[in-house]
2 protein chains.
Amino acid sequence: MSGAEDAELDTVLGKAVAILRAFGADDRLLPLAELVRRTGLPKGTVHRVAGDLVHHRLLDKTEHGYRLAGGLFELGMRAATERTLLEVAMPFLQDLYERTHETVHLGLREGTEVVYVAKIGGHRQARSPSRTGGRMPMHCTAIGKALLAHAEPDVRAAALSGPLPRRTPHTVVAPGLLEQQLDRVRATGLAYEREESTVGLLCVAAPVLDVGTGAVLAALSVTGPVGRFRPEVHENAVRATAAAIAGMLTRRPGAVSAPPS
Amino acid sequence: MSGAEDAELDTVLGKAVAILRAFGADDRLLPLAELVRRTGLPKGTVHRVAGDLVHHRLLDKTEHGYRLAGGLFELGMRAATERTLLEVAMPFLQDLYERTHETVHLGLREGTEVVYVAKIGGHRQARSPSRTGGRMPMHCTAIGKALLAHAEPDVRAAALSGPLPRRTPHTVVAPGLLEQQLDRVRATGLAYEREESTVGLLCVAAPVLDVGTGAVLAALSVTGPVGRFRPEVHENAVRATAAAIAGMLTRRPGAVSAPPS
DNA sequence: CGACAGCGTACCGGTGAGTGGAACGCGGGC
DNA sequence: GCCCGCGTTCCACTCACCGGTACGCTGTCG
């Protein structure tokens, strides 16, 4: 949106990726003209490349426009890190959900943001903006803080030095204050969010740390609405789940984090 | 694997897709040489294209080879049909799992196979070969039969006329017999699998039918091991869950099926 | 220890795949 | 009936892509 948007458009691959990435998290169907607008590519080019993408089952063409196709879903589910994490963690997240009956998240760091790998919730789940495969800033989410607190120093520095957009009146936008919170996270093994990303939502999160090296692999959280939801109640459950997943992960080969971007 | 494998390799995009698709469901890390072998592309070319893919965050490069990157996961989770289905169905699948504590699947038809969109299971889940984002033949799975029974005639004909590989001694490989089973599926609203894809596994499935048109949108199943698991016990739960999801889907715009391939 | 085989990387001149401007037909809205 | 925006098609230019060749490295044989 606001950042540097310029995936090289002078190569076929760049154009193809640009078209695929033109789909935002909430877009289902985009007409050709909209793709032209978003990518800045000439109409003829978009038409041709999109056609090729349809051919390769990465896009579907409908009467009213294009949409991301099932082939992408299949490929995406093969992504190494995410898949391993999902397969290992799911049963534990499942247990956690069953015990709490509140929305459960699993996320990892990608560049300077959180990417959610799983979201488990029931019918009455709190109105949260997160989606599986979606992104959120780190400074205003419990999972983000858990990841950030245990991230390598350069990553933490990079994230703290960037802008910390205010998403609600409660968002912590002062780097110093945030750093204090991160200290507490390291000390207690738990991170909190109190209406910092979305008004009306509370979260507790715990990091999943590599048993050997202590590096953060991921983080998970329980989320609920202000009012009935008391984060403190779930502290132990969250911590235990994270520990259990960490234990399982060490018994598997490679689940790593990403380059600093 | 065995089928026609020749995504056009005379275009950059084709090569890129070929490289991405070279990753099988069980591959984490593939060295350059292996990609060369699987794609049949010249070494220099694979090196270059893979490099570009890394640049676009569709591949990660590690010391020991390439692997599918997080960017793909993010894109995949935006795929329209799958995402809608997931978001709508998840809470219901959740309930179903909680009631049964057996492995729950949600799948849809893609071409002439089943693609699993969700798989929910606990620690003691039956050793099933299915994976989220993975494929299975339709003739030997409960979900597949549920989808096939309600598929459009041409699709059904295409699937039945193709080879019906025998996966276990119990696999139904006679088109006539299979067709009889499909009749029963339509009559009862339930499909069964009894060790037809994997020895030791039983399944009940129900189709999710569009309330208006009656078209199949997806199907879901409960799976368990021979012995303790009695599929009949879950008939009502499975049917009710499918109906509930169907009801929810009609209150949303577009969740459709795919072209016949 | 030298020879060798397999791998990843780097280079570079030729060429055809890809390019995108221009033009067309269609619908539907003022 | 006019116009605007959309999707589609066409085609001659050209530059991005190609892939053969060559290099350096790391094992592992004989």
# chains A, B, ... in the order shown; residues from 1 in each chain; ligands from 1
$ closest_atom_pairs --of "chain C" --to "chain A" --cutoff "8 Å" --atoms "only C-alpha atoms (C1' of nucleotides)" --output "tab-separated table"
residue	atom	partner	partner_atom	distance
C:DG18	C1'	A:Val12	CA	7.8
C:DT19	C1'	A:Thr45	CA	7.3
C:DG20	C1'	A:Pro42	CA	6.3
$ write_last_selection --atoms "N, CA, C and O atoms (P, O5', C5', C4', C3', O3' and C1' of nucleotides)" --output "CSV table (one decimal), in the first residue's frame"
chain,number,residue,atom,x,y,z
C,18,DG,P,7.2,-15.7,-23.8
C,18,DG,O5',7.3,-14.1,-23.7
C,18,DG,C5',8.4,-13.5,-23.2
C,18,DG,C4',8.4,-12.0,-23.4
C,18,DG,C3',7.1,-11.3,-23.0
C,18,DG,O3',7.4,-10.2,-22.3
C,18,DG,C1',7.5,-10.8,-25.2
C,19,DT,P,6.4,-9.3,-21.5
C,19,DT,O5',6.4,-8.0,-22.3
C,19,DT,C5',7.6,-7.4,-22.8
C,19,DT,C4',7.3,-6.3,-23.8
C,19,DT,C3',6.1,-5.5,-23.4
C,19,DT,O3',6.6,-4.2,-23.1
C,19,DT,C1',6.2,-6.1,-25.7
C,20,DG,P,5.8,-3.5,-21.9
C,20,DG,O5',4.9,-2.5,-22.7
C,20,DG,C5',5.6,-1.6,-23.7
C,20,DG,C4',4.6,-1.2,-24.7
C,20,DG,C3',3.2,-0.7,-24.2
C,20,DG,O3',2.8,0.4,-24.9
C,20,DG,C1',2.8,-2.3,-25.7
$ interface_residues --of "chain B" --to "chain A" --cutoff "7 Å" --atoms "only C-alpha atoms" --output "list in words"
Val12, Leu13, Ala25, Arg28, Arg67, Leu68, Ala69, Gly70, Leu72, Phe73, Glu74, Leu75, Gly76, Met77, Arg78, Ala79, Ala80, Pro91, Gln94, Gly121, Gly122, His123, Thr132, Gly133 and Gly134 of chain B
$ select_by_dssp --residues "segment 6-99 of chain B" --states "strand (DSSP E or B)" --output "JSON, numbers by chain"
{"B": [30, 59, 60, 61, 62, 65, 66, 67, 68]}
$ residues_around --residues "Pro165 of chain B" --least-positions-apart "5" --cutoff "9 Å" --atoms "only C-alpha atoms (C1' of nucleotides)" --output "JSON, numbers by chain"
{"B": [137, 139, 140, 171, 172, 173]}
$ write_last_selection --atoms "N, CA, C and O atoms" --output "mmCIF file, in the first residue's frame"
data_model
loop_
_atom_site.group_PDB
_atom_site.id
_atom_site.type_symbol
_atom_site.label_atom_id
_atom_site.label_comp_id
_atom_site.auth_asym_id
_atom_site.auth_seq_id
_atom_site.Cartn_x
_atom_site.Cartn_y
_atom_site.Cartn_z
ATOM 1 N N PRO B 137 -7.392 -39.227 -5.485
ATOM 2 C CA PRO B 137 -8.376 -39.614 -6.509
ATOM 3 C C PRO B 137 -9.778 -39.562 -5.912
ATOM 4 O O PRO B 137 -9.944 -39.677 -4.697
ATOM 5 N N HIS B 139 -12.365 -41.690 -6.726
ATOM 6 C CA HIS B 139 -13.107 -42.948 -6.643
ATOM 7 C C HIS B 139 -12.837 -43.726 -5.362
ATOM 8 O O HIS B 139 -13.562 -44.654 -5.064
ATOM 9 N N CYS B 140 -11.814 -43.351 -4.626
ATOM 10 C CA CYS B 140 -11.462 -44.165 -3.463
ATOM 11 C C CYS B 140 -11.535 -43.394 -2.162
ATOM 12 O O CYS B 140 -10.988 -43.814 -1.161
ATOM 13 N N THR B 171 -10.236 -51.136 -2.846
ATOM 14 C CA THR B 171 -10.589 -50.070 -3.770
ATOM 15 C C THR B 171 -11.604 -50.556 -4.798
ATOM 16 O O THR B 171 -11.452 -51.647 -5.348
ATOM 17 N N VAL B 172 -12.615 -49.745 -5.005
ATOM 18 C CA VAL B 172 -13.616 -50.077 -6.017
ATOM 19 C C VAL B 172 -13.079 -49.643 -7.375
ATOM 20 O O VAL B 172 -12.932 -48.448 -7.632
ATOM 21 N N VAL B 173 -12.792 -50.601 -8.232
ATOM 22 C CA VAL B 173 -12.211 -50.253 -9.526
ATOM 23 C C VAL B 173 -13.160 -50.539 -10.685
ATOM 24 O O VAL B 173 -12.846 -50.254 -11.828
#
$ interface_residues --of "chain D" --to "chain A" --cutoff "8 Å" --atoms "only C-alpha atoms (C1' of nucleotides)" --output "list in words"
DC6, DG7 and DA16 of chain D
$ write_last_selection --atoms "C-alpha atoms (C1' of nucleotides)" --output "PDB file, in the first residue's frame"
ATOM      1  C1'  DC D   6     -14.001  -2.096 -20.829  1.00  0.00           C
ATOM      2  C1'  DG D   7     -12.137  -6.432 -22.966  1.00  0.00           C
ATOM      3  C1'  DA D  16      14.942  -9.936 -22.067  1.00  0.00           C
TER       4       DA D  16
END
$ residues_around --residues "segment 22-29 of chain C" --least-positions-apart "6" --cutoff "10 Å" --atoms "only C-alpha atoms (C1' of nucleotides)" --output "list in words"
DC3, DC4, DG5, DC6, DG7, DT8, DT9 and DC10 of chain D
$ residues_around --residues "Leu35 of chain A" --least-positions-apart "5" --cutoff "7 Å" --atoms "only C-alpha atoms (C1' of nucleotides)" --output "tab-separated table (two decimals) with C-alpha atoms, in the first residue's frame"
chain	number	residue	atom	x	y	z
A	19	ILE	CA	-0.54	-9.17	-11.11
A	22	ALA	CA	-2.39	-6.97	-6.99
A	30	LEU	CA	-10.70	-8.06	-10.03
$ decode --residues "segment 124-166 of chain B" --atoms "C-alpha atoms" --output "PDB file, in the first residue's frame"
ATOM      1  CA  ARG B 124      -4.062 -39.546  17.963  1.00  0.00           C
ATOM      2  CA  GLN B 125      -5.280 -38.969  14.475  1.00  0.00           C
ATOM      3  CA  ALA B 126      -5.438 -41.917  12.143  1.00  0.00           C
ATOM      4  CA  ARG B 127      -2.459 -42.235   9.831  1.00  0.00           C
ATOM      5  CA  SER B 128      -4.045 -40.771   6.750  1.00  0.00           C
ATOM      6  CA  PRO B 129      -2.127 -39.781   3.621  1.00  0.00           C
ATOM      7  CA  SER B 130      -4.193 -36.646   3.086  1.00  0.00           C
ATOM      8  CA  ARG B 131      -2.790 -33.178   3.602  1.00  0.00           C
ATOM      9  CA  THR B 132      -4.260 -29.740   3.411  1.00  0.00           C
ATOM     10  CA  GLY B 133      -3.681 -28.612  -0.149  1.00  0.00           C
ATOM     11  CA  GLY B 134      -3.053 -32.183  -1.225  1.00  0.00           C
ATOM     12  CA  ARG B 135      -4.853 -34.269  -3.822  1.00  0.00           C
ATOM     13  CA  MET B 136      -6.458 -37.678  -3.893  1.00  0.00           C
ATOM     14  CA  PRO B 137      -8.376 -39.614  -6.509  1.00  0.00           C
ATOM     15  CA  MET B 138     -12.137 -39.323  -6.244  1.00  0.00           C
ATOM     16  CA  HIS B 139     -13.107 -42.948  -6.643  1.00  0.00           C
ATOM     17  CA  CYS B 140     -11.462 -44.165  -3.463  1.00  0.00           C
ATOM     18  CA  THR B 141     -12.341 -41.496  -0.933  1.00  0.00           C
ATOM     19  CA  ALA B 142     -15.566 -40.675   0.814  1.00  0.00           C
ATOM     20  CA  ILE B 143     -15.276 -37.001  -0.011  1.00  0.00           C
ATOM     21  CA  GLY B 144     -14.494 -37.845  -3.602  1.00  0.00           C
ATOM     22  CA  LYS B 145     -17.582 -40.008  -3.918  1.00  0.00           C
ATOM     23  CA  ALA B 146     -19.749 -37.356  -2.353  1.00  0.00           C
ATOM     24  CA  LEU B 147     -18.409 -34.816  -4.849  1.00  0.00           C
ATOM     25  CA  LEU B 148     -18.688 -37.178  -7.760  1.00  0.00           C
ATOM     26  CA  ALA B 149     -22.208 -38.288  -6.978  1.00  0.00           C
ATOM     27  CA  HIS B 150     -23.477 -34.741  -7.289  1.00  0.00           C
ATOM     28  CA  ALA B 151     -21.132 -33.562 -10.014  1.00  0.00           C
ATOM     29  CA  GLU B 152     -22.403 -32.594 -13.423  1.00  0.00           C
ATOM     30  CA  PRO B 153     -22.874 -35.569 -15.730  1.00  0.00           C
ATOM     31  CA  ASP B 154     -19.935 -34.784 -17.980  1.00  0.00           C
ATOM     32  CA  VAL B 155     -17.584 -34.550 -15.031  1.00  0.00           C
ATOM     33  CA  ARG B 156     -18.864 -37.799 -13.625  1.00  0.00           C
ATOM     34  CA  ALA B 157     -18.506 -39.470 -16.984  1.00  0.00           C
ATOM     35  CA  ALA B 158     -14.968 -38.177 -17.380  1.00  0.00           C
ATOM     36  CA  ALA B 159     -13.951 -39.408 -13.955  1.00  0.00           C
ATOM     37  CA  LEU B 160     -15.537 -42.813 -14.387  1.00  0.00           C
ATOM     38  CA  SER B 161     -14.116 -43.381 -17.835  1.00  0.00           C
ATOM     39  CA  GLY B 162     -10.579 -42.631 -16.712  1.00  0.00           C
ATOM     40  CA  PRO B 163      -8.489 -45.296 -14.996  1.00  0.00           C
ATOM     41  CA  LEU B 164      -9.527 -46.139 -11.432  1.00  0.00           C
ATOM     42  CA  PRO B 165      -6.235 -47.147  -9.873  1.00  0.00           C
ATOM     43  CA  ARG B 166      -6.383 -49.827  -7.202  1.00  0.00           C
TER      44      ARG B 166
END
